[in-house]
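This is structure-v2.tsv (TSV, N, CA, C and O atoms).
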```
chain	number	residue	atom	x	y	z
A	31	MET	N	189.72	235.49	17.99
A	31	MET	CA	190.92	235.05	17.29
A	31	MET	C	190.84	235.56	15.85
A	31	MET	O	189.79	235.51	15.22
A	32	GLU	N	191.94	236.05	15.33
A	32	GLU	CA	191.93	236.60	13.98
A	32	GLU	C	191.92	235.50	12.92
A	32	GLU	O	192.27	234.35	13.20
A	33	GLU	N	191.51	235.87	11.72
A	33	GLU	CA	191.34	234.90	10.63
A	33	GLU	C	192.60	234.08	10.37
A	33	GLU	O	192.53	232.86	10.21
A	34	ALA	N	193.74	234.74	10.29
A	34	ALA	CA	194.98	234.02	9.97
A	34	ALA	C	195.28	232.95	11.01
A	34	ALA	O	195.69	231.83	10.66
A	35	SER	N	195.07	233.27	12.27
A	35	SER	CA	195.31	232.29	13.33
A	35	SER	C	194.34	231.12	13.25
A	35	SER	O	194.72	229.97	13.47
A	36	LEU	N	193.08	231.43	12.94
A	36	LEU	CA	192.10	230.37	12.80
A	36	LEU	C	192.45	229.45	11.63
A	36	LEU	O	192.41	228.22	11.76
A	37	LEU	N	192.81	230.04	10.50
A	37	LEU	CA	193.10	229.23	9.32
A	37	LEU	C	194.36	228.39	9.49
A	37	LEU	O	194.50	227.34	8.83
A	38	LYS	N	195.26	228.77	10.37
A	38	LYS	CA	196.45	227.95	10.64
A	38	LYS	C	196.08	226.64	11.32
A	38	LYS	O	196.85	225.70	11.32
A	39	ARG	N	194.89	226.57	11.89
A	39	ARG	CA	194.42	225.34	12.52
A	39	ARG	C	194.05	224.28	11.48
A	39	ARG	O	193.94	223.10	11.80
A	40	ILE	N	193.81	224.71	10.26
A	40	ILE	CA	193.48	223.79	9.18
A	40	ILE	C	194.79	223.33	8.54
A	40	ILE	O	195.55	224.14	8.03
A	41	THR	N	195.03	222.03	8.59
A	41	THR	CA	196.29	221.51	8.07
A	41	THR	C	196.03	220.58	6.89
A	41	THR	O	195.00	219.92	6.81
A	42	LEU	N	197.00	220.57	6.00
A	42	LEU	CA	196.97	219.68	4.84
A	42	LEU	C	198.26	218.87	4.85
A	42	LEU	O	199.35	219.44	4.76
A	43	ASP	N	198.13	217.58	5.00
A	43	ASP	CA	199.30	216.71	5.04
A	43	ASP	C	198.96	215.46	4.25
A	43	ASP	O	198.01	214.75	4.60
A	44	PRO	N	199.71	215.18	3.18
A	44	PRO	CA	199.39	214.01	2.37
A	44	PRO	C	199.41	212.70	3.16
A	44	PRO	O	198.81	211.71	2.75
A	45	LYS	N	200.06	212.68	4.33
A	45	LYS	CA	200.14	211.46	5.14
A	45	LYS	C	198.95	211.31	6.09
A	45	LYS	O	198.81	210.28	6.74
A	46	ILE	N	198.13	212.35	6.19
A	46	ILE	CA	196.98	212.32	7.10
A	46	ILE	C	195.71	212.50	6.30
A	46	ILE	O	195.55	213.50	5.59
A	47	ASN	N	194.81	211.53	6.40
A	47	ASN	CA	193.51	211.58	5.71
A	47	ASN	C	193.64	211.89	4.22
A	47	ASN	O	192.87	212.68	3.67
A	48	HIS	N	194.63	211.31	3.60
A	48	HIS	CA	194.84	211.44	2.15
A	48	HIS	C	195.00	212.89	1.71
A	48	HIS	O	194.61	213.26	0.60
A	49	GLY	N	195.54	213.72	2.59
A	49	GLY	CA	195.78	215.11	2.24
A	49	GLY	C	194.58	216.02	2.34
A	49	GLY	O	194.66	217.20	2.00
A	50	LYS	N	193.47	215.50	2.81
A	50	LYS	CA	192.28	216.34	2.97
A	50	LYS	C	192.48	217.28	4.16
A	50	LYS	O	193.23	216.97	5.09
A	51	PRO	N	191.82	218.43	4.14
A	51	PRO	CA	191.96	219.39	5.25
A	51	PRO	C	191.52	218.77	6.57
A	51	PRO	O	190.44	218.18	6.65
A	52	THR	N	192.38	218.89	7.58
A	52	THR	CA	192.08	218.38	8.91
A	52	THR	C	192.34	219.47	9.94
A	52	THR	O	192.93	220.50	9.64
A	53	LEU	N	191.91	219.20	11.15
A	53	LEU	CA	192.13	220.15	12.24
A	53	LEU	C	193.42	219.82	12.97
A	53	LEU	O	193.56	218.74	13.54
A	54	ARG	N	194.36	220.74	12.92
A	54	ARG	CA	195.62	220.66	13.64
A	54	ARG	C	196.32	219.31	13.50
A	54	ARG	O	197.01	218.87	14.40
A	55	GLY	N	196.13	218.64	12.39
A	55	GLY	CA	196.78	217.36	12.17
A	55	GLY	C	196.25	216.25	13.05
A	55	GLY	O	196.89	215.22	13.20
A	56	LEU	N	195.07	216.44	13.63
A	56	LEU	CA	194.51	215.46	14.58
A	56	LEU	C	193.67	214.37	13.91
A	56	LEU	O	193.01	213.60	14.58
A	57	ARG	N	193.66	214.34	12.62
A	57	ARG	CA	192.87	213.36	11.87
A	57	ARG	C	191.37	213.58	11.95
A	57	ARG	O	190.57	212.67	11.75
A	58	TYR	N	190.96	214.79	12.29
A	58	TYR	CA	189.55	215.17	12.23
A	58	TYR	C	189.36	215.97	10.95
A	58	TYR	O	189.76	217.14	10.88
A	59	PRO	N	188.78	215.37	9.92
A	59	PRO	CA	188.58	216.11	8.67
A	59	PRO	C	187.62	217.28	8.86
A	59	PRO	O	186.62	217.17	9.58
A	60	VAL	N	187.93	218.37	8.22
A	60	VAL	CA	187.08	219.56	8.29
A	60	VAL	C	185.66	219.22	7.84
A	60	VAL	O	184.69	219.65	8.47
A	61	HIS	N	185.54	218.44	6.79
A	61	HIS	CA	184.20	218.15	6.26
A	61	HIS	C	183.34	217.40	7.27
A	61	HIS	O	182.12	217.58	7.31
A	62	VAL	N	183.94	216.60	8.13
A	62	VAL	CA	183.17	215.88	9.14
A	62	VAL	C	182.58	216.85	10.16
A	62	VAL	O	181.41	216.76	10.52
A	63	ILE	N	183.38	217.80	10.60
A	63	ILE	CA	182.89	218.80	11.56
A	63	ILE	C	181.77	219.63	10.92
A	63	ILE	O	180.74	219.89	11.55
A	64	LEU	N	181.95	220.00	9.66
A	64	LEU	CA	180.92	220.77	8.97
A	64	LEU	C	179.63	219.96	8.81
A	64	LEU	O	178.53	220.48	8.96
A	65	GLU	N	179.77	218.67	8.51
A	65	GLU	CA	178.58	217.81	8.38
A	65	GLU	C	177.87	217.67	9.72
A	65	GLU	O	176.63	217.65	9.76
A	66	LEU	N	178.62	217.57	10.81
A	66	LEU	CA	177.99	217.48	12.13
A	66	LEU	C	177.21	218.76	12.44
A	66	LEU	O	176.09	218.70	12.95
A	67	LEU	N	177.80	219.91	12.13
A	67	LEU	CA	177.09	221.18	12.32
A	67	LEU	C	175.84	221.24	11.46
A	67	LEU	O	174.77	221.65	11.91
A	68	ALA	N	175.97	220.81	10.20
A	68	ALA	CA	174.83	220.84	9.28
A	68	ALA	C	173.72	219.89	9.73
A	68	ALA	O	172.54	220.13	9.46
A	69	SER	N	174.09	218.83	10.44
A	69	SER	CA	173.08	217.87	10.91
A	69	SER	C	172.30	218.40	12.11
A	69	SER	O	171.32	217.78	12.53
A	70	GLY	N	172.77	219.51	12.66
A	70	GLY	CA	172.06	220.10	13.78
A	70	GLY	C	172.80	220.02	15.11
A	70	GLY	O	172.31	220.54	16.11
A	71	MET	N	173.94	219.36	15.13
A	71	MET	CA	174.71	219.32	16.38
A	71	MET	C	175.22	220.72	16.70
A	71	MET	O	175.60	221.47	15.80
A	72	THR	N	175.24	221.04	17.96
A	72	THR	CA	175.78	222.33	18.38
A	72	THR	C	177.29	222.20	18.56
A	72	THR	O	177.81	221.09	18.75
A	73	PRO	N	177.99	223.31	18.51
A	73	PRO	CA	179.43	223.24	18.78
A	73	PRO	C	179.73	222.60	20.14
A	73	PRO	O	180.68	221.83	20.26
A	74	GLU	N	178.91	222.87	21.12
A	74	GLU	CA	179.12	222.28	22.45
A	74	GLU	C	179.00	220.77	22.42
A	74	GLU	O	179.76	220.06	23.08
A	75	GLU	N	178.03	220.26	21.65
A	75	GLU	CA	177.87	218.80	21.53
A	75	GLU	C	179.07	218.18	20.82
A	75	GLU	O	179.54	217.11	21.22
A	76	ILE	N	179.55	218.84	19.79
A	76	ILE	CA	180.72	218.33	19.07
A	76	ILE	C	181.94	218.31	19.99
A	76	ILE	O	182.68	217.32	20.04
A	77	LEU	N	182.14	219.38	20.73
A	77	LEU	CA	183.28	219.45	21.65
A	77	LEU	C	183.17	218.39	22.74
A	77	LEU	O	184.19	217.84	23.18
A	78	ALA	N	181.96	218.09	23.17
A	78	ALA	CA	181.77	217.04	24.18
A	78	ALA	C	182.12	215.66	23.62
A	78	ALA	O	182.68	214.81	24.31
A	79	ASP	N	181.79	215.44	22.33
A	79	ASP	CA	182.07	214.15	21.69
A	79	ASP	C	183.55	213.99	21.31
A	79	ASP	O	184.04	212.87	21.20
A	80	PHE	N	184.22	215.10	21.07
A	80	PHE	CA	185.62	215.08	20.64
A	80	PHE	C	186.43	215.98	21.58
A	80	PHE	O	186.71	217.14	21.27
A	81	PRO	N	186.80	215.47	22.75
A	81	PRO	CA	187.41	216.32	23.78
A	81	PRO	C	188.75	216.95	23.41
A	81	PRO	O	189.15	217.93	24.04
A	82	ASP	N	189.43	216.44	22.40
A	82	ASP	CA	190.70	217.08	22.03
A	82	ASP	C	190.52	218.25	21.06
A	82	ASP	O	191.48	218.92	20.71
A	83	LEU	N	189.26	218.53	20.67
A	83	LEU	CA	188.98	219.71	19.87
A	83	LEU	C	188.74	220.91	20.78
A	83	LEU	O	188.37	220.76	21.94
A	84	GLU	N	188.95	222.08	20.22
A	84	GLU	CA	188.76	223.34	20.94
A	84	GLU	C	187.73	224.18	20.19
A	84	GLU	O	187.54	224.01	18.99
A	85	PRO	N	187.07	225.11	20.89
A	85	PRO	CA	186.07	225.94	20.22
A	85	PRO	C	186.61	226.64	18.97
A	85	PRO	O	185.91	226.78	17.97
A	86	GLU	N	187.87	227.04	19.01
A	86	GLU	CA	188.47	227.71	17.85
A	86	GLU	C	188.58	226.78	16.64
A	86	GLU	O	188.59	227.24	15.51
A	87	ASP	N	188.63	225.48	16.88
A	87	ASP	CA	188.67	224.53	15.77
A	87	ASP	C	187.38	224.58	14.97
A	87	ASP	O	187.39	224.53	13.74
A	88	ILE	N	186.27	224.69	15.66
A	88	ILE	CA	184.98	224.76	14.98
A	88	ILE	C	184.87	226.09	14.22
A	88	ILE	O	184.42	226.12	13.08
A	89	GLN	N	185.32	227.17	14.85
A	89	GLN	CA	185.34	228.46	14.16
A	89	GLN	C	186.21	228.36	12.90
A	89	GLN	O	185.85	228.90	11.86
A	90	ALA	N	187.34	227.68	13.01
A	90	ALA	CA	188.25	227.54	11.88
A	90	ALA	C	187.58	226.79	10.73
A	90	ALA	O	187.73	227.17	9.57
A	91	CYS	N	186.82	225.75	11.05
A	91	CYS	CA	186.11	224.99	10.01
A	91	CYS	C	185.10	225.87	9.28
A	91	CYS	O	185.01	225.84	8.05
A	92	LEU	N	184.37	226.65	10.04
A	92	LEU	CA	183.37	227.54	9.43
A	92	LEU	C	184.03	228.61	8.57
A	92	LEU	O	183.57	228.90	7.46
A	93	LEU	N	185.12	229.18	9.05
A	93	LEU	CA	185.83	230.19	8.28
A	93	LEU	C	186.40	229.58	7.01
A	93	LEU	O	186.32	230.17	5.92
A	94	TYR	N	186.97	228.38	7.11
A	94	TYR	CA	187.53	227.69	5.95
A	94	TYR	C	186.44	227.45	4.90
A	94	TYR	O	186.64	227.70	3.72
A	95	ALA	N	185.28	227.00	5.35
A	95	ALA	CA	184.16	226.77	4.42
A	95	ALA	C	183.72	228.07	3.77
A	95	ALA	O	183.42	228.12	2.57
A	96	ALA	N	183.68	229.14	4.55
A	96	ALA	CA	183.30	230.44	4.00
A	96	ALA	C	184.29	230.89	2.94
A	96	ALA	O	183.89	231.39	1.88
A	97	LYS	N	185.57	230.70	3.20
A	97	LYS	CA	186.59	231.09	2.22
A	97	LYS	C	186.47	230.26	0.95
A	97	LYS	O	186.63	230.76	-0.16
A	98	LEU	N	186.20	228.96	1.10
A	98	LEU	CA	186.06	228.11	-0.08
A	98	LEU	C	184.84	228.48	-0.92
A	98	LEU	O	184.85	228.31	-2.14
A	99	SER	N	183.79	228.96	-0.27
A	99	SER	CA	182.58	229.29	-1.01
A	99	SER	C	182.65	230.66	-1.66
A	99	SER	O	181.77	231.02	-2.45
A	100	ASP	N	183.67	231.42	-1.36
A	100	ASP	CA	183.83	232.76	-1.92
A	100	ASP	C	184.54	232.66	-3.27
A	100	ASP	O	185.74	232.90	-3.37
A	101	VAL	N	183.78	232.29	-4.27
A	101	VAL	CA	184.34	232.11	-5.61
A	101	VAL	C	183.80	233.19	-6.54
A	101	VAL	O	182.72	233.74	-6.30
A	102	GLY	N	184.52	233.45	-7.60
A	102	GLY	CA	184.10	234.48	-8.54
A	102	GLY	C	183.00	234.06	-9.48
A	102	GLY	O	182.15	234.85	-9.86
A	103	THR	N	182.97	232.79	-9.86
A	103	THR	CA	181.99	232.30	-10.81
A	103	THR	C	181.36	231.03	-10.27
A	103	THR	O	182.06	230.15	-9.78
A	104	VAL	N	180.06	230.94	-10.41
A	104	VAL	CA	179.35	229.74	-9.99
A	104	VAL	C	178.66	229.16	-11.21
A	104	VAL	O	177.94	229.86	-11.92
A	105	LEU	N	178.89	227.90	-11.47
A	105	LEU	CA	178.26	227.20	-12.59
A	105	LEU	C	177.25	226.22	-12.06
A	105	LEU	O	177.51	225.51	-11.09
A	106	ARG	N	176.10	226.16	-12.70
A	106	ARG	CA	175.08	225.19	-12.30
A	106	ARG	C	175.50	223.82	-12.80
A	106	ARG	O	175.80	223.63	-13.97
A	107	VAL	N	175.50	222.84	-11.90
A	107	VAL	CA	175.93	221.49	-12.26
A	107	VAL	C	174.75	220.63	-12.67
A	107	VAL	O	174.84	219.83	-13.59
A	108	ALA	N	173.64	220.78	-12.02
A	108	ALA	CA	172.49	219.91	-12.32
A	108	ALA	C	171.34	220.72	-12.87
A	108	ALA	O	171.21	221.88	-12.74
```
Serialized structure, structure tokens:
Amino acid sequence: MEEASLLKRITLDPKINHGKPTLRGLRYPVHVILELLASGMTPEEILADFPDLEPEDIQACLLYAAKLSDVGTVLRVA
């Protein structure tokens, strides 16, 4: 699936999860999926736990995170 199609799966709606990025308006915040992946869960385990998600949703979360991390300047906070 091409990048544009994947990124369309990420929705922003002020009425859903306080406007935070979610997957297809399903009330699954992108950050939750990313945290599950970071904790060691596999995409297959996540899909088993959340049957209304699709493999492309997980790809979309990873692509979205990659795009957000592609910044021109990085400042040290701590």
Report the residues of chain A whose backbone DSSP state falls under helix (DSSP H, G or I), written as a ChimeraX atom specification. /A:33-37,47-49,60-68,73-79,85-99
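Across the model, the gap from atom N of Leu37 (chain A) to atom O of Ala90 (chain A) is 5.9 Å.
A straight line drawn from atom N of Val107 (chain A) to atom C of Pro51 (chain A) is 24.8 Å long.
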One number please: atom O of Leu42 (chain A) to CA of Gly55 (chain A), in Å, one decimal. 8.1 Å
Can you work out which one of A:Ile40, A:Asp100, A:Ala34, A:Gln89 has the shortest atom-to-atom distance to Val60 (chain A), counting only C-alpha atoms? A:Ile40
Counting only C-alpha atoms, which of A:Gly102, A:Ile63, A:Lys97, A:Asp87 gets nearest to Met31 (chain A)? A:Asp87
